[in-house]
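One file, target_36.pdb, carrying PDB, C-alpha atoms and all ligand atoms:
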```
ATOM      1  CA  MET A 231     118.527  47.906 112.874  1.00  0.00           C
ATOM      2  CA  GLU A 232     118.396  50.139 115.901  1.00  0.00           C
ATOM      3  CA  ILE A 233     120.638  51.539 118.594  1.00  0.00           C
ATOM      4  CA  LEU A 234     120.462  49.228 121.605  1.00  0.00           C
ATOM      5  CA  SER A 235     119.483  50.628 124.979  1.00  0.00           C
ATOM      6  CA  HIS A 236     120.832  49.515 128.345  1.00  0.00           C
ATOM      7  CA  PRO A 237     120.390  46.785 129.534  1.00  0.00           C
ATOM      8  CA  SER A 238     121.453  44.696 126.553  1.00  0.00           C
ATOM      9  CA  PRO A 239     124.194  42.022 126.533  1.00  0.00           C
ATOM     10  CA  PRO A 240     126.204  43.502 123.582  1.00  0.00           C
ATOM     11  CA  LEU A 241     126.589  46.746 125.551  1.00  0.00           C
ATOM     12  CA  ALA A 242     128.280  44.853 128.390  1.00  0.00           C
ATOM     13  CA  THR A 243     130.580  42.677 126.261  1.00  0.00           C
ATOM     14  CA  GLU A 244     134.048  43.362 124.859  1.00  0.00           C
ATOM     15  CA  SER A 245     134.121  43.570 121.058  1.00  0.00           C
ATOM     16  CA  CYS A 246     136.611  41.803 118.785  1.00  0.00           C
ATOM     17  CA  GLU A 247     139.437  43.330 116.777  1.00  0.00           C
ATOM     18  CA  VAL A 248     138.790  43.588 113.058  1.00  0.00           C
ATOM     19  CA  ASP A 249     141.098  43.182 110.087  1.00  0.00           C
ATOM     20  CA  PRO A 250     140.132  46.053 107.787  1.00  0.00           C
ATOM     21  CA  MET A 251     141.956  44.447 104.862  1.00  0.00           C
ATOM     22  CA  ASN A 252     139.930  41.244 105.109  1.00  0.00           C
ATOM     23  CA  ASP A 253     136.473  42.275 106.235  1.00  0.00           C
ATOM     24  CA  ASP A 254     134.079  42.924 103.333  1.00  0.00           C
ATOM     25  CA  ALA A 255     131.258  43.794 105.739  1.00  0.00           C
ATOM     26  CA  LEU A 256     133.032  46.815 107.235  1.00  0.00           C
ATOM     27  CA  ARG A 257     131.903  49.408 104.711  1.00  0.00           C
ATOM     28  CA  SER A 258     128.222  48.569 104.967  1.00  0.00           C
ATOM     29  CA  LEU A 259     128.568  48.397 108.776  1.00  0.00           C
ATOM     30  CA  VAL A 260     130.043  51.906 108.837  1.00  0.00           C
ATOM     31  CA  GLU A 261     127.279  53.194 106.539  1.00  0.00           C
ATOM     32  CA  ARG A 262     124.576  51.810 108.838  1.00  0.00           C
ATOM     33  CA  MET A 263     126.325  53.179 111.923  1.00  0.00           C
ATOM     34  CA  ALA A 264     126.701  56.646 110.379  1.00  0.00           C
ATOM     35  CA  LYS A 265     123.042  56.724 109.342  1.00  0.00           C
ATOM     36  CA  LEU A 266     121.880  55.818 112.866  1.00  0.00           C
ATOM     37  CA  MET A 267     124.313  58.238 114.493  1.00  0.00           C
ATOM     38  CA  TYR A 268     123.107  61.167 112.372  1.00  0.00           C
ATOM     39  CA  GLU A 269     119.441  60.223 112.832  1.00  0.00           C
ATOM     40  CA  ALA A 270     119.752  60.009 116.623  1.00  0.00           C
ATOM     41  CA  PRO A 271     121.359  62.655 116.429  1.00  0.00           C
ATOM     42  CA  GLY A 272     124.715  61.837 118.003  1.00  0.00           C
ATOM     43  CA  ILE A 273     128.391  62.708 117.668  1.00  0.00           C
ATOM     44  CA  GLY A 274     129.766  59.171 117.936  1.00  0.00           C
ATOM     45  CA  LEU A 275     128.691  55.547 117.821  1.00  0.00           C
ATOM     46  CA  ALA A 276     130.389  52.216 118.480  1.00  0.00           C
ATOM     47  CA  ALA A 277     129.487  49.000 116.628  1.00  0.00           C
ATOM     48  CA  PRO A 278     128.361  47.081 119.762  1.00  0.00           C
ATOM     49  CA  GLN A 279     125.659  49.748 120.200  1.00  0.00           C
ATOM     50  CA  ILE A 280     123.955  48.194 117.166  1.00  0.00           C
ATOM     51  CA  GLY A 281     124.759  44.652 118.297  1.00  0.00           C
ATOM     52  CA  VAL A 282     127.823  44.131 116.080  1.00  0.00           C
ATOM     53  CA  MET A 283     130.713  42.964 118.247  1.00  0.00           C
ATOM     54  CA  LYS A 284     133.510  44.558 116.257  1.00  0.00           C
ATOM     55  CA  LYS A 285     135.983  47.234 117.348  1.00  0.00           C
ATOM     56  CA  VAL A 286     134.668  49.881 114.963  1.00  0.00           C
ATOM     57  CA  ILE A 287     133.595  53.450 115.773  1.00  0.00           C
ATOM     58  CA  VAL A 288     132.208  56.358 113.783  1.00  0.00           C
ATOM     59  CA  PHE A 289     132.154  59.988 114.851  1.00  0.00           C
ATOM     60  CA  ASP A 290     131.544  63.481 113.558  1.00  0.00           C
ATOM     61  CA  LEU A 291     132.199  66.489 115.778  1.00  0.00           C
ATOM     62  CA  SER A 292     131.465  69.089 113.081  1.00  0.00           C
ATOM     63  CA  GLU A 293     128.487  71.439 113.267  1.00  0.00           C
ATOM     64  CA  ASP A 294     127.127  70.440 109.863  1.00  0.00           C
ATOM     65  CA  ALA A 295     127.628  66.657 109.688  1.00  0.00           C
ATOM     66  CA  SER A 296     130.488  67.110 107.218  1.00  0.00           C
ATOM     67  CA  GLU A 297     133.364  65.292 108.933  1.00  0.00           C
ATOM     68  CA  LEU A 298     132.412  61.643 109.266  1.00  0.00           C
ATOM     69  CA  THR A 299     135.331  59.506 110.430  1.00  0.00           C
ATOM     70  CA  ALA A 300     135.362  55.736 110.883  1.00  0.00           C
ATOM     71  CA  LEU A 301     138.141  53.964 112.789  1.00  0.00           C
ATOM     72  CA  CYS A 302     138.962  50.312 113.415  1.00  0.00           C
ATOM     73  CA  ASN A 303     140.567  48.960 116.582  1.00  0.00           C
ATOM     74  CA  PRO A 304     140.992  52.355 118.297  1.00  0.00           C
ATOM     75  CA  ARG A 305     143.167  52.190 121.397  1.00  0.00           C
ATOM     76  CA  ILE A 306     144.084  54.882 123.869  1.00  0.00           C
ATOM     77  CA  VAL A 307     147.862  54.648 124.124  1.00  0.00           C
ATOM     78  CA  GLU A 308     148.425  57.754 126.240  1.00  0.00           C
ATOM     79  CA  ALA A 309     146.192  59.783 128.526  1.00  0.00           C
ATOM     80  CA  SER A 310     146.979  63.001 130.363  1.00  0.00           C
ATOM     81  CA  GLU A 311     147.067  62.893 134.136  1.00  0.00           C
ATOM     82  CA  GLU A 312     144.953  66.012 134.049  1.00  0.00           C
ATOM     83  CA  CYS A 313     141.302  64.981 134.157  1.00  0.00           C
ATOM     84  CA  GLU A 314     137.975  66.761 134.037  1.00  0.00           C
ATOM     85  CA  VAL A 315     134.515  65.789 135.236  1.00  0.00           C
ATOM     86  CA  ASP A 316     131.712  66.655 132.838  1.00  0.00           C
ATOM     87  CA  GLU A 317     128.163  65.522 132.181  1.00  0.00           C
ATOM     88  CA  GLU A 318     128.128  62.849 129.512  1.00  0.00           C
ATOM     89  CA  GLY A 319     125.211  61.383 127.596  1.00  0.00           C
ATOM     90  CA  CYS A 320     124.971  58.105 125.700  1.00  0.00           C
ATOM     91  CA  LEU A 321     122.657  57.006 122.888  1.00  0.00           C
ATOM     92  CA  SER A 322     122.314  53.688 124.735  1.00  0.00           C
ATOM     93  CA  LEU A 323     121.082  55.461 127.886  1.00  0.00           C
ATOM     94  CA  PRO A 324     118.563  57.856 126.337  1.00  0.00           C
ATOM     95  CA  GLY A 325     117.252  60.645 128.509  1.00  0.00           C
ATOM     96  CA  ILE A 326     120.020  60.925 131.105  1.00  0.00           C
ATOM     97  CA  SER A 327     123.516  62.261 131.553  1.00  0.00           C
ATOM     98  CA  VAL A 328     126.089  61.207 134.117  1.00  0.00           C
ATOM     99  CA  PRO A 329     129.135  63.084 135.470  1.00  0.00           C
ATOM    100  CA  VAL A 330     132.187  61.223 134.173  1.00  0.00           C
ATOM    101  CA  ASN A 331     135.841  61.910 134.958  1.00  0.00           C
ATOM    102  CA  ARG A 332     137.963  61.728 131.794  1.00  0.00           C
ATOM    103  CA  ALA A 333     141.520  62.547 130.811  1.00  0.00           C
ATOM    104  CA  CYS A 334     141.709  65.994 129.176  1.00  0.00           C
ATOM    105  CA  ARG A 335     144.044  64.792 126.419  1.00  0.00           C
ATOM    106  CA  VAL A 336     144.567  61.380 124.854  1.00  0.00           C
ATOM    107  CA  ILE A 337     146.546  59.828 122.045  1.00  0.00           C
ATOM    108  CA  VAL A 338     144.633  57.216 120.080  1.00  0.00           C
ATOM    109  CA  GLU A 339     146.065  54.651 117.712  1.00  0.00           C
ATOM    110  CA  ALA A 340     143.734  53.023 115.217  1.00  0.00           C
ATOM    111  CA  GLN A 341     143.378  51.821 111.657  1.00  0.00           C
ATOM    112  CA  THR A 342     141.397  53.378 108.863  1.00  0.00           C
ATOM    113  CA  LEU A 343     138.970  51.351 106.764  1.00  0.00           C
ATOM    114  CA  GLU A 344     141.833  51.015 104.258  1.00  0.00           C
ATOM    115  CA  GLY A 345     144.002  49.440 106.958  1.00  0.00           C
ATOM    116  CA  ASP A 346     146.370  52.398 107.382  1.00  0.00           C
ATOM    117  CA  ARG A 347     147.645  52.978 110.895  1.00  0.00           C
ATOM    118  CA  VAL A 348     146.829  56.389 112.335  1.00  0.00           C
ATOM    119  CA  ARG A 349     147.779  58.197 115.531  1.00  0.00           C
ATOM    120  CA  ILE A 350     145.461  60.970 116.678  1.00  0.00           C
ATOM    121  CA  GLU A 351     146.089  63.514 119.425  1.00  0.00           C
ATOM    122  CA  ALA A 352     142.800  64.688 120.868  1.00  0.00           C
ATOM    123  CA  ASP A 353     141.656  67.094 123.542  1.00  0.00           C
ATOM    124  CA  GLY A 354     138.389  68.547 124.782  1.00  0.00           C
ATOM    125  CA  LEU A 355     135.201  66.965 123.460  1.00  0.00           C
ATOM    126  CA  GLN A 356     137.116  64.774 121.009  1.00  0.00           C
ATOM    127  CA  ALA A 357     139.244  63.298 123.825  1.00  0.00           C
ATOM    128  CA  ARG A 358     136.079  62.629 125.840  1.00  0.00           C
ATOM    129  CA  MET A 359     134.380  61.038 122.809  1.00  0.00           C
ATOM    130  CA  PHE A 360     137.336  58.684 122.188  1.00  0.00           C
ATOM    131  CA  GLN A 361     137.324  57.551 125.816  1.00  0.00           C
ATOM    132  CA  HIS A 362     133.549  57.038 125.670  1.00  0.00           C
ATOM    133  CA  GLU A 363     133.676  54.995 122.440  1.00  0.00           C
ATOM    134  CA  CYS A 364     136.677  52.914 123.554  1.00  0.00           C
ATOM    135  CA  ASP A 365     134.698  52.135 126.719  1.00  0.00           C
ATOM    136  CA  HIS A 366     131.853  50.828 124.510  1.00  0.00           C
ATOM    137  CA  LEU A 367     134.319  48.547 122.709  1.00  0.00           C
ATOM    138  CA  ALA A 368     135.351  47.194 126.122  1.00  0.00           C
ATOM    139  CA  GLY A 369     131.727  46.649 127.197  1.00  0.00           C
ATOM    140  CA  LYS A 370     131.608  49.662 129.531  1.00  0.00           C
ATOM    141  CA  LEU A 371     128.962  52.367 129.844  1.00  0.00           C
ATOM    142  CA  ILE A 372     129.034  55.777 131.534  1.00  0.00           C
ATOM    143  CA  ILE A 373     127.143  54.325 134.516  1.00  0.00           C
ATOM    144  CA  ASP A 374     130.062  51.915 135.000  1.00  0.00           C
ATOM    145  CA  ARG A 375     132.346  54.960 135.377  1.00  0.00           C
ATOM    146  CA  ALA A 376     130.194  56.589 138.048  1.00  0.00           C
ATOM    147  CA  THR A 377     130.488  56.222 141.806  1.00  0.00           C
ATOM    148  CA  PRO A 378     128.047  53.689 143.323  1.00  0.00           C
ATOM    149  CA  GLU A 379     125.761  56.528 144.524  1.00  0.00           C
ATOM    150  CA  GLU A 380     125.855  58.303 141.160  1.00  0.00           C
ATOM    151  CA  ARG A 381     125.183  55.032 139.372  1.00  0.00           C
ATOM    152  CA  LYS A 382     122.141  54.371 141.540  1.00  0.00           C
ATOM    153  CA  ALA A 383     120.794  57.877 141.013  1.00  0.00           C
ATOM    154  CA  ALA A 384     121.498  57.712 137.260  1.00  0.00           C
ATOM    155  CA  LEU A 385     119.649  54.400 136.904  1.00  0.00           C
ATOM    156  CA  ARG A 386     116.691  55.853 138.791  1.00  0.00           C
ATOM    157  CA  ARG A 387     116.619  58.860 136.420  1.00  0.00           C
ATOM    158  CA  TYR A 388     116.973  56.420 133.498  1.00  0.00           C
ATOM    159  CA  ARG A 389     113.940  54.388 134.611  1.00  0.00           C
ATOM    160  CA  GLU A 390     111.934  57.600 134.994  1.00  0.00           C
ATOM    161  CA  ALA A 391     113.072  58.829 131.570  1.00  0.00           C
ATOM    162  CA  GLN A 392     112.051  55.534 130.002  1.00  0.00           C
ATOM    163  CA  GLU A 393     108.633  55.744 131.621  1.00  0.00           C
ATOM    164  CA  MET A 394     108.266  59.239 130.191  1.00  0.00           C
ATOM    165  CA  GLY A 395     109.436  58.026 126.790  1.00  0.00           C
ATOM    166  CA  ALA A 396     112.326  60.491 126.790  1.00  0.00           C
ATOM    167  CA  ARG A 397     114.532  60.826 123.766  1.00  0.00           C
ATOM    168  CA  ALA A 398     118.237  61.542 123.679  1.00  0.00           C
ATOM    169  CA  GLY A 399     119.441  65.034 122.867  1.00  0.00           C
ATOM    170  CA  GLY A 400     122.649  67.055 122.870  1.00  0.00           C
ATOM    171  CA  ASN A 401     126.145  65.636 122.573  1.00  0.00           C
ATOM    172  CA  GLN A 402     125.265  61.973 122.571  1.00  0.00           C
ATOM    173  CA  THR A 403     127.605  59.137 121.886  1.00  0.00           C
TER     174      THR A 403
HETATM  175 ZN    ZN A 501     127.588  55.797 124.348  1.00  0.00          ZN
END
```
Could you take the file, read its structure, and then write that structure out as structure tokens?
Amino acid sequence: MEILSHPSPPLATESCEVDPMNDDALRSLVERMAKLMYEAPGIGLAAPQIGVMKKVIVFDLSEDASELTALCNPRIVEASEECEVDEEGCLSLPGISVPVNRACRVIVEAQTLEGDRVRIEADGLQARMFQHECDHLAGKLIIDRATPEERKAALRRYREAQEMGARAGGNQT
């Protein structure tokens, strides 16, 4: 099992909600996702990036891969009006980054693997990561967030990177 690269139908399709209390496959899914995320290396990964159309994400923003978190059905319920444009990479678009405008702060509601409801207030890189991963669950990539000109330029850089056999690096999700 590998991380899918654009273009690939699962990356452009909305995933389905999961019921953590009644899905025996969730734990092994999360294990596979975590393994691929750390190998990449990345800071976050959404299930559709490995072709599994479930609303499940994993992430770890620690320096030493010590804070793995898995969430089911994450939803951004509040976003600050204050936004910030920053370069964003994606494990499904290896070799390029794209300037993406994101809310500086978000509140996310989700469920743990045990089915508990959680509410997380995030800012900075974590807020950006949540918006990026929730986009994946909705079938959206960073190029879909760019202006038409930026999208065109990003896809040209992506083709060039693929021809060069570039690998992802940095804060990839
Ligand atoms: Zn991504």
Got a sec to check which residues lie within 12 Å of ligand ZN 501 (chain A), using all atoms listed in the file, and send them as an MDAnalysis selection string? chainID A and resid 233:236 241:242 267 270 272:280 287:289 318:324 326:328 358:374 398 401:403
Quick check, in Å to one decimal: how far apart do CA of Ala309 (chain A) and CA of Arg335 (chain A) lie?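 A separation of 5.8 Å between them.
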Selected residue of minimal separation from Pro329 (chain A) among A:Asp353, A:Glu379, A:Glu393, A:Asp346, counting all atoms listed in the file: A:Glu379
Could you please give me, as an MDAnalysis selection string, the residues of protein, DNA or RNA lying at most 10 Å from (129.4, 66.0, 111.4) in the coordinate frame of the file, considering all atoms listed in the file? chainID A and resid 264 267:268 272:274 289:299
Compile the contact shell of Arg387 (chain A) as a PyMOL selection string: residues with an atom at most 9 Å away, counting all atoms listed in the file, same-chain residues fewer than 4 positions apart removed. chain A and resi 325-326+382-383+391-392
Please produce a file of the residues just selected, as a JSON list (two decimals), keeping the file's coordinate frame, where the atoms kept are C-alpha atoms.
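Saved to part_15.json:
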```json
[["chain", "number", "residue", "atom", "x", "y", "z"],
["A", 325, "GLY", "CA", 117.25, 60.64, 128.51],
["A", 326, "ILE", "CA", 120.02, 60.92, 131.10],
["A", 382, "LYS", "CA", 122.14, 54.37, 141.54],
["A", 383, "ALA", "CA", 120.79, 57.88, 141.01],
["A", 391, "ALA", "CA", 113.07, 58.83, 131.57],
["A", 392, "GLN", "CA", 112.05, 55.53, 130.00]]
```
Kindly resolve the PyMOL selection byres (((chain A and resi 247) around 6) and not hetatm) on the present coordinates and return the residues as a short mmCIF file (atom, residue, chain, number, x, y, z; two decimals) with C-alpha atoms, keeping the file's coordinate frame.
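Okay, this is what ended up in part_28.cif:
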```
data_model
loop_
_atom_site.label_atom_id
_atom_site.label_comp_id
_atom_site.auth_asym_id
_atom_site.auth_seq_id
_atom_site.Cartn_x
_atom_site.Cartn_y
_atom_site.Cartn_z
CA CYS A 246 136.61 41.80 118.78
CA VAL A 248 138.79 43.59 113.06
CA LYS A 285 135.98 47.23 117.35
CA ASN A 303 140.57 48.96 116.58
#
```
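When CA of Asn252 (chain A) is paired with CA of Pro239 (chain A), their separation reads 26.6 Å.
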Which value, in Å to one decimal, gives the distance between CA of Val348 (chain A) and CA of Val286 (chain A)?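 Computing it gives 14.0 Å between the two atoms.
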Residue nearest Pro237 (chain A) - candidates A:Val330, A:Leu266, A:Pro250, A:Leu385, atoms counted: only C-alpha atoms: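 Using only C-alpha atoms, the shortest distance to Pro237 (chain A) belongs to A:Leu385.
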Given all atoms listed in the file as the counted atoms, nearest of A:Asn331, A:Ser245, A:Ser238, A:Gln356 to Thr377 (chain A): A:Asn331
Which of these residues is nearest to Asp254 (chain A), using all atoms listed in the file: A:Leu343, A:Val315, A:Ala333, A:Val282?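 Once distances to Asp254 (chain A) are computed over all atoms listed in the file, the minimum belongs to A:Leu343.
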Using only C-alpha atoms, which of A:Arg305, A:Met231, A:Glu311, A:Leu355 sits nearest Glu339 (chain A)? A:Arg305
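Between Cys334 (chain A) and the residues A:Arg347, A:Glu308, A:Gly281, A:Arg257, the shortest atom-to-atom distance, using all atoms listed in the file, involves A:Glu308.
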